[in-house]
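S.K.: Just so it is clear, I am handing over model19.txt, which has compact mmCIF, C-alpha atoms.
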# COMPACT_ATOMS: atom_id res chain seq x y z
CA MET A 23 16.16 16.36 -24.68
CA ALA A 24 14.81 12.87 -24.20
CA ARG A 25 11.32 11.64 -23.55
CA VAL A 26 10.88 9.41 -20.52
CA VAL A 27 7.72 7.59 -19.49
CA VAL A 28 7.01 6.67 -15.87
CA ASP A 29 4.12 4.28 -15.32
CA VAL A 30 2.79 3.91 -11.79
CA MET A 31 0.46 1.08 -10.77
CA PRO A 32 -1.10 0.05 -7.46
CA LYS A 33 0.76 -2.94 -6.03
CA PRO A 34 -0.99 -6.26 -6.76
CA GLU A 35 -1.95 -6.72 -3.11
CA ILE A 36 -3.52 -3.24 -2.87
CA LEU A 37 -7.26 -3.20 -3.44
CA ASP A 38 -7.79 -1.08 -6.56
CA VAL A 39 -11.32 0.19 -6.04
CA GLN A 40 -11.14 2.55 -9.02
CA GLY A 41 -10.16 -0.27 -11.37
CA GLN A 42 -12.97 -2.38 -9.95
CA ALA A 43 -15.47 0.40 -10.63
CA VAL A 44 -14.25 0.69 -14.23
CA SER A 45 -14.51 -3.08 -14.62
CA ARG A 46 -18.12 -2.99 -13.44
CA ALA A 47 -18.94 -0.10 -15.79
CA LEU A 48 -17.64 -2.14 -18.72
CA THR A 49 -20.44 -4.62 -18.22
CA ARG A 50 -22.89 -1.74 -18.69
CA ILE A 51 -21.66 -1.23 -22.26
CA GLY A 52 -22.02 -4.91 -22.91
CA VAL A 53 -18.41 -6.04 -22.45
CA SER A 54 -17.61 -8.83 -20.02
CA GLY A 55 -14.48 -10.78 -19.21
CA ILE A 56 -12.23 -7.76 -18.57
CA GLU A 57 -10.63 -6.89 -15.25
CA VAL A 58 -9.14 -3.38 -15.03
CA ARG A 59 -6.42 -2.06 -12.78
CA GLN A 60 -5.95 1.72 -12.89
CA GLY A 61 -2.67 3.56 -12.57
CA LYS A 62 -0.91 6.73 -13.69
CA HIS A 63 1.17 7.52 -16.76
CA PHE A 64 3.73 10.37 -16.65
CA GLU A 65 5.50 11.77 -19.72
CA LEU A 66 8.72 13.61 -18.87
CA GLU A 67 10.74 15.83 -21.19
CA VAL A 68 14.20 15.29 -19.74
CA ASP A 69 17.39 17.25 -20.27
CA ASP A 70 20.27 15.07 -21.46
CA SER A 71 22.17 15.85 -18.26
CA VAL A 72 19.63 13.92 -16.14
CA ASP A 73 20.85 10.39 -15.49
CA ASP A 74 18.86 7.20 -14.94
CA GLU A 75 19.61 7.18 -11.23
CA THR A 76 17.94 10.57 -10.88
CA LEU A 77 14.93 9.41 -12.89
CA HIS A 78 14.46 6.38 -10.64
CA ARG A 79 14.85 8.58 -7.58
CA ILE A 80 12.12 11.02 -8.61
CA ALA A 81 9.87 8.10 -9.53
CA GLY A 82 10.27 6.49 -6.13
CA ASP A 83 10.36 9.69 -4.07
CA LEU A 84 7.55 11.66 -5.68
CA LEU A 85 5.70 10.17 -8.66
CA ALA A 86 4.96 6.92 -6.83
CA ASN A 87 4.38 6.05 -3.19
CA PRO A 88 6.44 2.88 -2.58
CA VAL A 89 4.06 1.79 0.19
CA ILE A 90 1.20 1.24 -2.23
CA GLU A 91 2.56 1.55 -5.77
CA ASP A 92 5.06 -0.04 -8.20
CA TRP A 93 6.60 1.92 -11.08
CA THR A 94 8.62 1.55 -14.24
CA VAL A 95 10.89 4.14 -15.88
CA THR A 96 11.27 3.88 -19.66
CA ARG A 97 13.26 6.07 -22.05
CA VAL A 98 11.26 6.24 -25.30
CA MET B 5 2.20 31.75 29.64
CA SER B 6 -0.07 29.58 27.52
CA ALA B 7 1.35 27.05 25.11
CA ARG B 8 1.66 28.10 21.47
CA ILE B 9 0.30 25.55 19.00
CA GLY B 10 0.97 26.09 15.29
CA VAL B 11 -1.75 25.37 12.72
CA ILE B 12 -0.53 25.06 9.11
CA THR B 13 -2.44 26.41 6.12
CA PHE B 14 -1.71 25.02 2.65
CA PRO B 15 -3.50 26.04 -0.54
CA GLY B 16 -6.67 23.96 -0.30
CA THR B 17 -6.64 23.48 3.48
CA LEU B 18 -10.20 23.61 4.86
CA ASP B 19 -10.07 22.90 8.56
CA ASP B 20 -7.36 25.25 9.78
CA VAL B 21 -9.97 27.62 11.28
CA ASP B 22 -11.65 24.83 13.24
CA ALA B 23 -8.28 23.43 14.33
CA ALA B 24 -7.20 26.86 15.59
CA ARG B 25 -10.52 27.18 17.42
CA ALA B 26 -9.95 23.80 19.08
CA VAL B 27 -6.49 24.95 20.18
CA ARG B 28 -8.03 28.06 21.77
CA TYR B 29 -10.82 26.02 23.44
CA ALA B 30 -8.07 23.90 24.99
CA GLY B 31 -6.55 27.04 26.49
CA ALA B 32 -3.56 27.50 24.19
CA GLU B 33 -2.60 30.16 21.68
CA ALA B 34 -3.17 29.19 18.04
CA VAL B 35 -0.32 30.35 15.79
CA PRO B 36 -1.07 30.43 12.04
CA LEU B 37 1.74 28.83 9.99
CA TRP B 38 2.02 29.30 6.23
CA HIS B 39 2.99 26.44 3.90
CA GLY B 40 5.54 28.52 2.01
CA ASP B 41 7.50 29.61 5.07
CA HIS B 42 10.58 27.94 6.54
CA ASP B 43 9.54 29.15 10.00
CA LEU B 44 7.73 27.37 12.83
CA GLN B 45 7.75 30.62 14.85
CA GLY B 46 8.95 28.77 17.93
CA VAL B 47 5.68 26.92 18.50
CA ASP B 48 5.44 24.15 21.10
CA ALA B 49 3.48 21.76 18.85
CA VAL B 50 2.01 21.66 15.35
CA VAL B 51 -1.38 20.67 13.96
CA VAL B 52 -1.54 19.73 10.27
CA PRO B 53 -5.25 20.17 9.53
CA GLY B 54 -7.59 18.61 6.99
CA GLY B 55 -8.74 19.67 3.56
CA PHE B 56 -7.50 19.10 0.04
CA SER B 57 -4.01 20.59 0.02
CA TYR B 58 -2.82 21.30 -3.53
CA GLY B 59 -6.10 19.85 -4.79
CA ASP B 60 -4.98 16.32 -3.87
CA TYR B 61 -2.91 16.43 -7.08
CA LEU B 62 -0.65 13.41 -7.63
CA ARG B 63 -1.76 11.74 -4.36
CA ALA B 64 -3.51 13.18 -1.32
CA GLY B 65 -0.83 14.92 0.73
CA ALA B 66 2.04 14.18 -1.68
CA ILE B 67 2.75 17.76 -2.80
CA ALA B 68 2.11 19.26 0.63
CA SER B 69 4.60 16.85 2.21
CA LEU B 70 7.34 18.66 0.25
CA ALA B 71 6.23 22.20 1.16
CA PRO B 72 8.84 24.39 2.90
CA ILE B 73 6.98 24.37 6.23
CA MET B 74 6.92 20.54 6.21
CA ARG B 75 10.71 20.42 6.03
CA GLU B 76 10.67 22.35 9.31
CA VAL B 77 8.01 20.04 10.78
CA VAL B 78 10.05 16.95 9.85
CA ASP B 79 13.16 18.47 11.46
CA GLY B 80 11.14 19.47 14.53
CA ALA B 81 9.58 16.03 14.89
CA ALA B 82 13.06 14.50 14.90
CA LYS B 83 13.73 16.60 18.01
CA GLY B 84 10.47 15.55 19.68
CA LEU B 85 8.12 18.32 18.53
CA PRO B 86 4.53 17.02 18.98
CA VAL B 87 2.75 16.90 15.62
CA LEU B 88 -0.91 16.03 14.99
CA GLY B 89 -2.18 15.26 11.49
CA ILE B 90 -5.93 15.23 10.94
CA CYS B 91 -7.45 13.75 7.77
CA ASN B 92 -5.47 15.37 4.92
CA GLY B 93 -2.91 16.21 7.61
CA PHE B 94 -2.59 12.48 8.39
CA GLN B 95 -2.09 11.82 4.67
CA ILE B 96 0.59 14.52 4.59
CA LEU B 97 2.44 13.04 7.60
CA CYS B 98 2.45 9.60 5.93
CA GLU B 99 3.73 11.07 2.67
CA ALA B 100 6.40 12.98 4.61
CA GLY B 101 7.58 9.75 6.23
CA LEU B 102 6.69 10.85 9.77
CA LEU B 103 4.09 8.09 10.08
CA PRO B 104 4.07 4.64 8.44
CA GLY B 105 1.59 3.35 5.87
CA ALA B 106 -0.59 5.17 3.38
CA LEU B 107 -4.19 6.30 2.98
CA THR B 108 -5.97 5.00 -0.12
CA ARG B 109 -9.33 5.43 -1.82
CA ASN B 110 -12.21 4.26 0.36
CA ALA B 111 -13.64 0.83 -0.28
CA LYS B 112 -16.73 1.28 -2.47
CA LEU B 113 -15.39 4.72 -3.50
CA HIS B 114 -17.80 6.55 -1.21
CA PHE B 115 -17.05 9.93 0.31
CA VAL B 116 -18.02 9.15 3.89
CA CYS B 117 -19.35 11.94 6.11
CA ARG B 118 -20.86 10.98 9.45
CA ASP B 119 -20.39 10.82 13.19
CA GLN B 120 -18.08 7.96 14.06
CA THR B 121 -17.26 6.12 17.27
CA LEU B 122 -13.55 5.61 17.91
CA ARG B 123 -11.70 3.72 20.61
CA VAL B 124 -8.56 5.32 22.05
CA GLU B 125 -6.17 2.37 21.81
CA ASN B 126 -3.06 4.18 23.01
CA SER B 127 -3.52 6.81 25.70
CA ALA B 128 0.20 7.31 26.26
CA THR B 129 0.92 9.58 23.29
CA ALA B 130 1.47 13.34 23.43
CA TRP B 131 -2.01 13.83 21.94
CA THR B 132 -4.03 11.18 23.81
CA SER B 133 -2.77 11.22 27.41
CA GLY B 134 -5.99 12.86 28.61
CA TYR B 135 -8.08 9.86 27.60
CA ALA B 136 -8.57 6.67 29.54
CA PRO B 137 -7.20 3.53 27.85
CA GLY B 138 -9.97 2.07 25.70
CA GLU B 139 -12.16 5.17 26.06
CA GLU B 140 -14.70 5.54 23.26
CA ILE B 141 -15.31 8.93 21.66
CA VAL B 142 -17.65 10.17 18.94
CA VAL B 143 -16.21 12.56 16.36
CA PRO B 144 -17.07 13.30 12.72
CA VAL B 145 -15.32 11.48 9.90
CA LYS B 146 -15.35 12.95 6.38
CA ASN B 147 -13.07 11.66 3.65
CA ALA B 148 -12.80 9.82 0.36
CA GLU B 149 -9.28 8.49 0.86
CA GLY B 150 -9.12 7.24 4.42
CA ARG B 151 -8.48 3.54 4.00
CA PHE B 152 -5.26 2.89 5.92
CA VAL B 153 -2.94 0.33 4.36
CA ALA B 154 0.59 -0.77 5.21
CA THR B 155 2.85 -3.73 4.57
CA ALA B 156 2.29 -6.84 6.65
CA GLN B 157 5.56 -6.15 8.47
CA THR B 158 4.59 -2.55 9.27
CA LEU B 159 1.15 -3.65 10.47
CA ALA B 160 2.73 -6.26 12.74
CA GLU B 161 5.02 -3.58 14.19
CA LEU B 162 2.16 -1.11 14.72
CA GLU B 163 -0.02 -3.71 16.42
CA GLY B 164 2.84 -5.28 18.38
CA GLU B 165 4.14 -1.96 19.68
CA GLY B 166 0.73 -0.51 20.53
CA ARG B 167 1.09 2.18 17.90
CA VAL B 168 -2.51 2.01 16.72
CA ALA B 169 -3.76 5.18 18.43
CA PHE B 170 -7.41 5.04 17.38
CA ARG B 171 -9.61 2.28 16.00
CA TYR B 172 -13.07 2.49 14.43
CA VAL B 173 -15.80 0.97 16.60
CA GLY B 174 -18.93 -0.50 15.05
CA THR B 175 -18.87 0.28 11.35
CA ASN B 176 -15.57 0.59 9.54
CA PRO B 177 -16.31 3.61 7.31
CA ASN B 178 -13.75 2.99 4.57
CA GLY B 179 -12.37 -0.56 4.69
CA SER B 180 -9.33 0.54 6.69
CA THR B 181 -7.00 -2.34 7.59
CA ASN B 182 -7.61 -3.70 11.11
CA ASP B 183 -10.19 -0.89 11.60
CA ILE B 184 -7.27 1.52 12.05
CA ALA B 185 -8.38 5.16 12.32
CA GLY B 186 -5.11 6.64 13.58
CA VAL B 187 -1.51 5.70 14.36
CA THR B 188 1.39 7.14 16.32
CA SER B 189 5.14 7.38 15.87
CA ALA B 190 7.37 5.09 17.92
CA ASN B 191 8.05 7.89 20.43
CA GLY B 192 4.37 8.84 20.73
CA ARG B 193 4.97 12.46 19.73
CA VAL B 194 3.51 12.31 16.20
CA VAL B 195 -0.10 11.19 15.80
CA GLY B 196 -2.27 11.03 12.70
CA LEU B 197 -5.94 10.14 12.36
CA MET B 198 -8.55 10.38 9.64
CA PRO B 199 -11.55 11.49 11.79
CA HIS B 200 -11.87 15.10 12.90
CA PRO B 201 -11.55 15.75 16.65
CA GLU B 202 -11.46 19.52 15.97
CA HIS B 203 -15.09 19.30 14.84
CA ALA B 204 -16.15 17.75 18.17
CA ILE B 205 -15.32 20.43 20.73
CA ASP B 206 -18.63 22.28 21.06
CA LEU B 207 -22.14 20.82 21.12
CA LEU B 208 -23.36 23.76 19.02
CA THR B 209 -21.44 22.47 16.02
CA GLY B 210 -20.41 18.89 16.76
CA PRO B 211 -21.77 15.56 18.00
CA SER B 212 -19.79 15.71 21.24
CA VAL B 213 -16.99 17.59 22.97
CA GLN B 214 -14.87 14.45 23.12
CA GLY B 215 -12.45 15.64 20.44
CA LEU B 216 -11.09 18.36 22.69
CA GLY B 217 -9.03 15.81 24.60
CA LEU B 218 -6.37 15.68 21.89
CA PHE B 219 -5.78 19.41 22.16
CA THR B 220 -5.72 19.42 25.98
CA SER B 221 -3.51 16.32 26.12
CA VAL B 222 -0.72 18.02 24.20
CA LEU B 223 -0.59 20.88 26.70
CA ALA B 224 0.66 18.45 29.32
CA ALA B 225 3.17 17.07 26.83
CA VAL B 226 4.69 20.48 26.10
CA ALA B 227 4.59 21.86 29.64
CA GLY B 228 8.18 22.52 30.59
CA ALA B 229 9.53 21.23 27.27
CA PRO B 230 11.77 23.55 25.26
CA ALA B 231 10.12 25.22 22.26
CA ALA B 232 11.00 24.12 18.72
Can you present the structure in this file as structure tokens?

M.R.:
Amino acid sequence: MARVVVDVMPKPEILDVQGQAVSRALTRIGVSGIEVRQGKHFELEVDDSVDDETLHRIAGDLLANPVIEDWTVTRV
Amino acid sequence: MSARIGVITFPGTLDDVDAARAVRYAGAEAVPLWHGDHDLQGVDAVVVPGGFSYGDYLRAGAIASLAPIMREVVDGAAKGLPVLGICNGFQILCEAGLLPGALTRNAKLHFVCRDQTLRVENSATAWTSGYAPGEEIVVPVKNAEGRFVATAQTLAELEGEGRVAFRYVGTNPNGSTNDIAGVTSANGRVVGLMPHPEHAIDLLTGPSVQGLGLFTSVLAAVAGAPAA
């Protein structure tokens, strides 16, 4: 078994209203100068028989929506 | 014989009862369809209603778009089956690849729930032929993820080909690109919109009866057409 991490982030041109809200909340705990973008982090326990092509396919077909999100697949 | 219009229920669907009622008000038979079945039961058209299918897990509509019944809907749509997606149903149709673009979190993160004026921009689709071009209708809108986005190229195609079916008039409730409330497939058979026409079919429960037109329009589209 291998551990694989898929990180999914809104594309740069997509307005990330959740990240903006987090950024604004940071100022309420006295921290300024930080801009947040919010995404998703998936941890996959992957059988050794699953190849990289399959991992990229599930990332692009299900874990991320290519219209609005970018993703990276990393074996850790 | 009256037309048979399927209404899908997923775990977490909320508006299947109202959608079925709208189908009956239009004079058709409402056929309940179950998300786990590979069977459209020979219906003439399909409504994918609103709600929070699969709890909106992953992304709104993402899990539902892979449900067994949606495989049948995708196959049916390829053969011209009229399909209407309302709210979560619109999100599901986008995730399933039947409609372009995506629905994202509303600007300002508000869940918006109010009566909304829409303009019918394309009255040549299977679901809008009963409206006059440019007709304005008032129907409820209620969502947290209704902000339509698409690539610049897709937007240019939608606008250039007249595939924006509905546009918000007055206030844009969610920051949707180009005030887009609903879009249609290239062949006009698949339509998706965020507002809820099925909630505007009876003055007892809605702000108008102007939503009924979608459900009566499709009857003309399926008259004489072979069933799915």

S.K.: Could you name the residues that touch B:Arg75 at 12 Å or less, counting all atoms listed in the file, but leaving out those on the same chain fewer than 6 positions away, as an NGL selection string?

M.R.: :B and (39-44 or 68-69 or 81-82 or 96-97 or 100-102)

S.K.: At most 9 Å is the cut-off: for each residue in chain A with any atom that close to an atom of chain B, write down the nearest atom pair and the distance in Å rounded to one decimal, counting only C-alpha atoms, chain first then increasing number, as a Markdown table.

M.R.:
| residue | atom | partner | partner_atom | distance |
| --- | --- | --- | --- | --- |
| A:Ile36 | CA | B:Val153 | CA | 8.1 |
| A:Leu37 | CA | B:Ala111 | CA | 8.2 |
| A:Asp38 | CA | B:Arg109 | CA | 8.2 |
| A:Val39 | CA | B:Ala111 | CA | 6.2 |
| A:Gln40 | CA | B:Leu113 | CA | 7.3 |
| A:Ala43 | CA | B:Lys112 | CA | 8.3 |
| A:Leu84 | CA | B:Ala66 | CA | 7.3 |
| A:Leu85 | CA | B:Leu62 | CA | 7.2 |
| A:Ala86 | CA | B:Leu62 | CA | 8.6 |
| A:Asn87 | CA | B:Glu99 | CA | 7.7 |
| A:Val89 | CA | B:Gly105 | CA | 6.4 |
| A:Ile90 | CA | B:Ala106 | CA | 7.1 |

S.K.: Convert the current residue selection to file output with C-alpha atoms, as a PDB file, in the frame of the given file.

M.R.:
ATOM      1  CA  ILE A  36      -3.520  -3.240  -2.870  1.00  0.00           C
ATOM      2  CA  LEU A  37      -7.260  -3.200  -3.440  1.00  0.00           C
ATOM      3  CA  ASP A  38      -7.790  -1.080  -6.560  1.00  0.00           C
ATOM      4  CA  VAL A  39     -11.320   0.190  -6.040  1.00  0.00           C
ATOM      5  CA  GLN A  40     -11.140   2.550  -9.020  1.00  0.00           C
ATOM      6  CA  ALA A  43     -15.470   0.400 -10.630  1.00  0.00           C
ATOM      7  CA  LEU A  84       7.550  11.660  -5.680  1.00  0.00           C
ATOM      8  CA  LEU A  85       5.700  10.170  -8.660  1.00  0.00           C
ATOM      9  CA  ALA A  86       4.960   6.920  -6.830  1.00  0.00           C
ATOM     10  CA  ASN A  87       4.380   6.050  -3.190  1.00  0.00           C
ATOM     11  CA  VAL A  89       4.060   1.790   0.190  1.00  0.00           C
ATOM     12  CA  ILE A  90       1.200   1.240  -2.230  1.00  0.00           C
TER      13      ILE A  90
END

S.K.: Do you know which residues are at most 10 Å from B:Ala224 counting all atoms listed in the file, after dropping those on the same chain fewer than 5 positions away, and could you put them as a PyMOL selection string?

M.R.: chain B and resi 7+130-131+133-134+219+229

S.K.: Please provide the set of residues having any atom within 10 Å of A:Leu66, restricted to only C-alpha atoms, with same-chain residues fewer than 5 positions apart removed, written as a list of chain:residue names.

M.R.: A:Met23, A:Ala24, A:Arg25, A:Val26, A:Val27, A:Val28, A:Leu77, A:Arg97

S.K.: For stretch 46-61 of chain A, please output as a list in words all residues within 8 Å (counting all atoms listed in the file; exclusion window: fewer than 5 positions along the same chain).

M.R.: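 Contacts, with the query itself left out: Asp29, Val30, Met31, Pro32, Asp38, Gln40 and Gly41 of chain A.
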
S.K.: Tell me, as a JSON list (two decimals) with C-alpha atoms, in the frame of the given file, which residues lie within 7 Å of B:Gly89, counting all atoms listed in the file; anything in the same chain fewer than 4 positions away does not count.

M.R.:
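around.json, written as the output of this step:
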[["chain", "number", "residue", "atom", "x", "y", "z"],
["B", 51, "VAL", "CA", -1.38, 20.67, 13.96],
["B", 52, "VAL", "CA", -1.54, 19.73, 10.27],
["B", 53, "PRO", "CA", -5.25, 20.17, 9.53],
["B", 93, "GLY", "CA", -2.91, 16.21, 7.61],
["B", 94, "PHE", "CA", -2.59, 12.48, 8.39],
["B", 97, "LEU", "CA", 2.44, 13.04, 7.60],
["B", 195, "VAL", "CA", -0.10, 11.19, 15.80],
["B", 196, "GLY", "CA", -2.27, 11.03, 12.70],
["B", 197, "LEU", "CA", -5.94, 10.14, 12.36]]

S.K.: If I take atom CA of A:His78 and atom CA of B:Gly59, how far is one from the other in Å, to one decimal?

M.R.: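 Atom CA of B:Gly59 lies 25.3 Å from atom CA of A:His78.
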
S.K.: If you measure from atom CA of B:Ile12 to atom CA of B:Asn178, what distance in Å do you get, rounded to one decimal?

M.R.: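 Distance reported for this atom pair: 26.1 Å.
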
S.K.: Counting only C-alpha atoms, which residue out of B:Ala26, B:Val21, B:Ala34, B:Ile73 sits closest to B:Ile205?

M.R.: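 Of B:Ala26, B:Val21, B:Ala34, B:Ile73, the one nearest B:Ile205, counting only C-alpha atoms, is B:Ala26.
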
S.K.: Restricting the calculation to all atoms listed in the file, which member of B:Asp183, B:Asp206, B:Asp19, B:Glu76 is positioned closest to B:Arg151?

M.R.: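 Going through B:Asp183, B:Asp206, B:Asp19, B:Glu76 one by one, the smallest distance to B:Arg151 is for B:Asp183.
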
S.K.: If I take atom CA of A:Gln42 and atom CA of B:Gly54, how far is one from the other in Å, to one decimal?

M.R.: 27.5 Å

S.K.: Around the point (-18.3, 15.8, 2.0) (coordinates from the file), which residues reach within 12 Å if we count only C-alpha atoms? Answer as a list in words.

M.R.: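 Result, sorted by chain then residue number: Leu18, Gly55, Phe56, His114, Phe115, Val116, Cys117, Arg118, Pro144, Val145, Lys146, Asn147, Ala148 and Glu149 of chain B.
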
S.K.: Go through B:Pro15, B:Val143, B:Ala128, B:Tyr61 and flag the residue nearest B:Thr209, using all atoms listed in the file for the distances.

M.R.: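 Nearest to B:Thr209: B:Val143.
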
S.K.: Reconstruct N, CA and C atoms of stretch 18-43 of chain B; output as a PDB file, keeping the file's coordinate frame.

M.R.:
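Written file, part.pdb:
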ATOM      1  N   LEU B  18      -8.836  23.191   4.507  1.00  0.00           N
ATOM      2  CA  LEU B  18     -10.200  23.610   4.860  1.00  0.00           C
ATOM      3  C   LEU B  18     -10.395  23.787   6.350  1.00  0.00           C
ATOM      4  N   ASP B  19      -9.715  23.001   7.153  1.00  0.00           N
ATOM      5  CA  ASP B  19     -10.070  22.900   8.560  1.00  0.00           C
ATOM      6  C   ASP B  19      -9.101  23.594   9.493  1.00  0.00           C
ATOM      7  N   ASP B  20      -8.307  24.526   8.935  1.00  0.00           N
ATOM      8  CA  ASP B  20      -7.360  25.250   9.780  1.00  0.00           C
ATOM      9  C   ASP B  20      -8.089  26.154  10.784  1.00  0.00           C
ATOM     10  N   VAL B  21      -9.228  26.725  10.379  1.00  0.00           N
ATOM     11  CA  VAL B  21      -9.970  27.620  11.280  1.00  0.00           C
ATOM     12  C   VAL B  21     -10.535  26.830  12.457  1.00  0.00           C
ATOM     13  N   ASP B  22     -11.110  25.658  12.161  1.00  0.00           N
ATOM     14  CA  ASP B  22     -11.650  24.830  13.240  1.00  0.00           C
ATOM     15  C   ASP B  22     -10.528  24.297  14.136  1.00  0.00           C
ATOM     16  N   ALA B  23      -9.401  23.941  13.535  1.00  0.00           N
ATOM     17  CA  ALA B  23      -8.280  23.430  14.330  1.00  0.00           C
ATOM     18  C   ALA B  23      -7.760  24.521  15.271  1.00  0.00           C
ATOM     19  N   ALA B  24      -7.659  25.754  14.756  1.00  0.00           N
ATOM     20  CA  ALA B  24      -7.200  26.860  15.590  1.00  0.00           C
ATOM     21  C   ALA B  24      -8.198  27.124  16.721  1.00  0.00           C
ATOM     22  N   ARG B  25      -9.478  26.987  16.403  1.00  0.00           N
ATOM     23  CA  ARG B  25     -10.520  27.180  17.420  1.00  0.00           C
ATOM     24  C   ARG B  25     -10.388  26.107  18.508  1.00  0.00           C
ATOM     25  N   ALA B  26     -10.117  24.872  18.101  1.00  0.00           N
ATOM     26  CA  ALA B  26      -9.950  23.800  19.080  1.00  0.00           C
ATOM     27  C   ALA B  26      -8.755  24.071  19.980  1.00  0.00           C
ATOM     28  N   VAL B  27      -7.681  24.598  19.395  1.00  0.00           N
ATOM     29  CA  VAL B  27      -6.490  24.950  20.180  1.00  0.00           C
ATOM     30  C   VAL B  27      -6.861  25.992  21.233  1.00  0.00           C
ATOM     31  N   ARG B  28      -7.636  27.001  20.817  1.00  0.00           N
ATOM     32  CA  ARG B  28      -8.030  28.060  21.770  1.00  0.00           C
ATOM     33  C   ARG B  28      -8.973  27.508  22.836  1.00  0.00           C
ATOM     34  N   TYR B  29      -9.909  26.642  22.456  1.00  0.00           N
ATOM     35  CA  TYR B  29     -10.820  26.020  23.440  1.00  0.00           C
ATOM     36  C   TYR B  29     -10.022  25.257  24.499  1.00  0.00           C
ATOM     37  N   ALA B  30      -8.885  24.682  24.054  1.00  0.00           N
ATOM     38  CA  ALA B  30      -8.070  23.900  24.990  1.00  0.00           C
ATOM     39  C   ALA B  30      -7.274  24.807  25.928  1.00  0.00           C
ATOM     40  N   GLY B  31      -7.241  26.097  25.617  1.00  0.00           N
ATOM     41  CA  GLY B  31      -6.550  27.040  26.490  1.00  0.00           C
ATOM     42  C   GLY B  31      -5.176  27.446  26.000  1.00  0.00           C
ATOM     43  N   ALA B  32      -4.863  27.142  24.742  1.00  0.00           N
ATOM     44  CA  ALA B  32      -3.560  27.500  24.190  1.00  0.00           C
ATOM     45  C   ALA B  32      -3.734  28.609  23.148  1.00  0.00           C
ATOM     46  N   GLU B  33      -2.598  29.159  22.739  1.00  0.00           N
ATOM     47  CA  GLU B  33      -2.600  30.160  21.680  1.00  0.00           C
ATOM     48  C   GLU B  33      -2.418  29.472  20.331  1.00  0.00           C
ATOM     49  N   ALA B  34      -3.294  29.769  19.375  1.00  0.00           N
ATOM     50  CA  ALA B  34      -3.170  29.190  18.040  1.00  0.00           C
ATOM     51  C   ALA B  34      -2.320  30.108  17.181  1.00  0.00           C
ATOM     52  N   VAL B  35      -1.249  29.566  16.612  1.00  0.00           N
ATOM     53  CA  VAL B  35      -0.320  30.350  15.790  1.00  0.00           C
ATOM     54  C   VAL B  35      -0.464  29.920  14.338  1.00  0.00           C
ATOM     55  N   PRO B  36      -0.953  30.817  13.452  1.00  0.00           N
ATOM     56  CA  PRO B  36      -1.070  30.430  12.040  1.00  0.00           C
ATOM     57  C   PRO B  36       0.305  30.232  11.413  1.00  0.00           C
ATOM     58  N   LEU B  37       0.490  29.112  10.709  1.00  0.00           N
ATOM     59  CA  LEU B  37       1.740  28.830   9.990  1.00  0.00           C
ATOM     60  C   LEU B  37       1.416  28.695   8.514  1.00  0.00           C
ATOM     61  N   TRP B  38       2.274  29.259   7.668  1.00  0.00           N
ATOM     62  CA  TRP B  38       2.020  29.300   6.230  1.00  0.00           C
ATOM     63  C   TRP B  38       2.882  28.266   5.510  1.00  0.00           C
ATOM     64  N   HIS B  39       2.306  27.549   4.569  1.00  0.00           N
ATOM     65  CA  HIS B  39       2.990  26.440   3.900  1.00  0.00           C
ATOM     66  C   HIS B  39       4.297  26.854   3.231  1.00  0.00           C
ATOM     67  N   GLY B  40       4.372  28.094   2.766  1.00  0.00           N
ATOM     68  CA  GLY B  40       5.540  28.520   2.010  1.00  0.00           C
ATOM     69  C   GLY B  40       6.679  29.042   2.863  1.00  0.00           C
ATOM     70  N   ASP B  41       6.474  29.074   4.180  1.00  0.00           N
ATOM     71  CA  ASP B  41       7.500  29.610   5.070  1.00  0.00           C
ATOM     72  C   ASP B  41       8.389  28.503   5.620  1.00  0.00           C
ATOM     73  N   HIS B  42       9.653  28.841   5.853  1.00  0.00           N
ATOM     74  CA  HIS B  42      10.580  27.940   6.540  1.00  0.00           C
ATOM     75  C   HIS B  42      10.659  28.347   7.997  1.00  0.00           C
ATOM     76  N   ASP B  43       9.522  28.554   8.659  1.00  0.00           N
ATOM     77  CA  ASP B  43       9.540  29.150  10.000  1.00  0.00           C
ATOM     78  C   ASP B  43       8.398  28.590  10.837  1.00  0.00           C
TER      79      ASP B  43
END
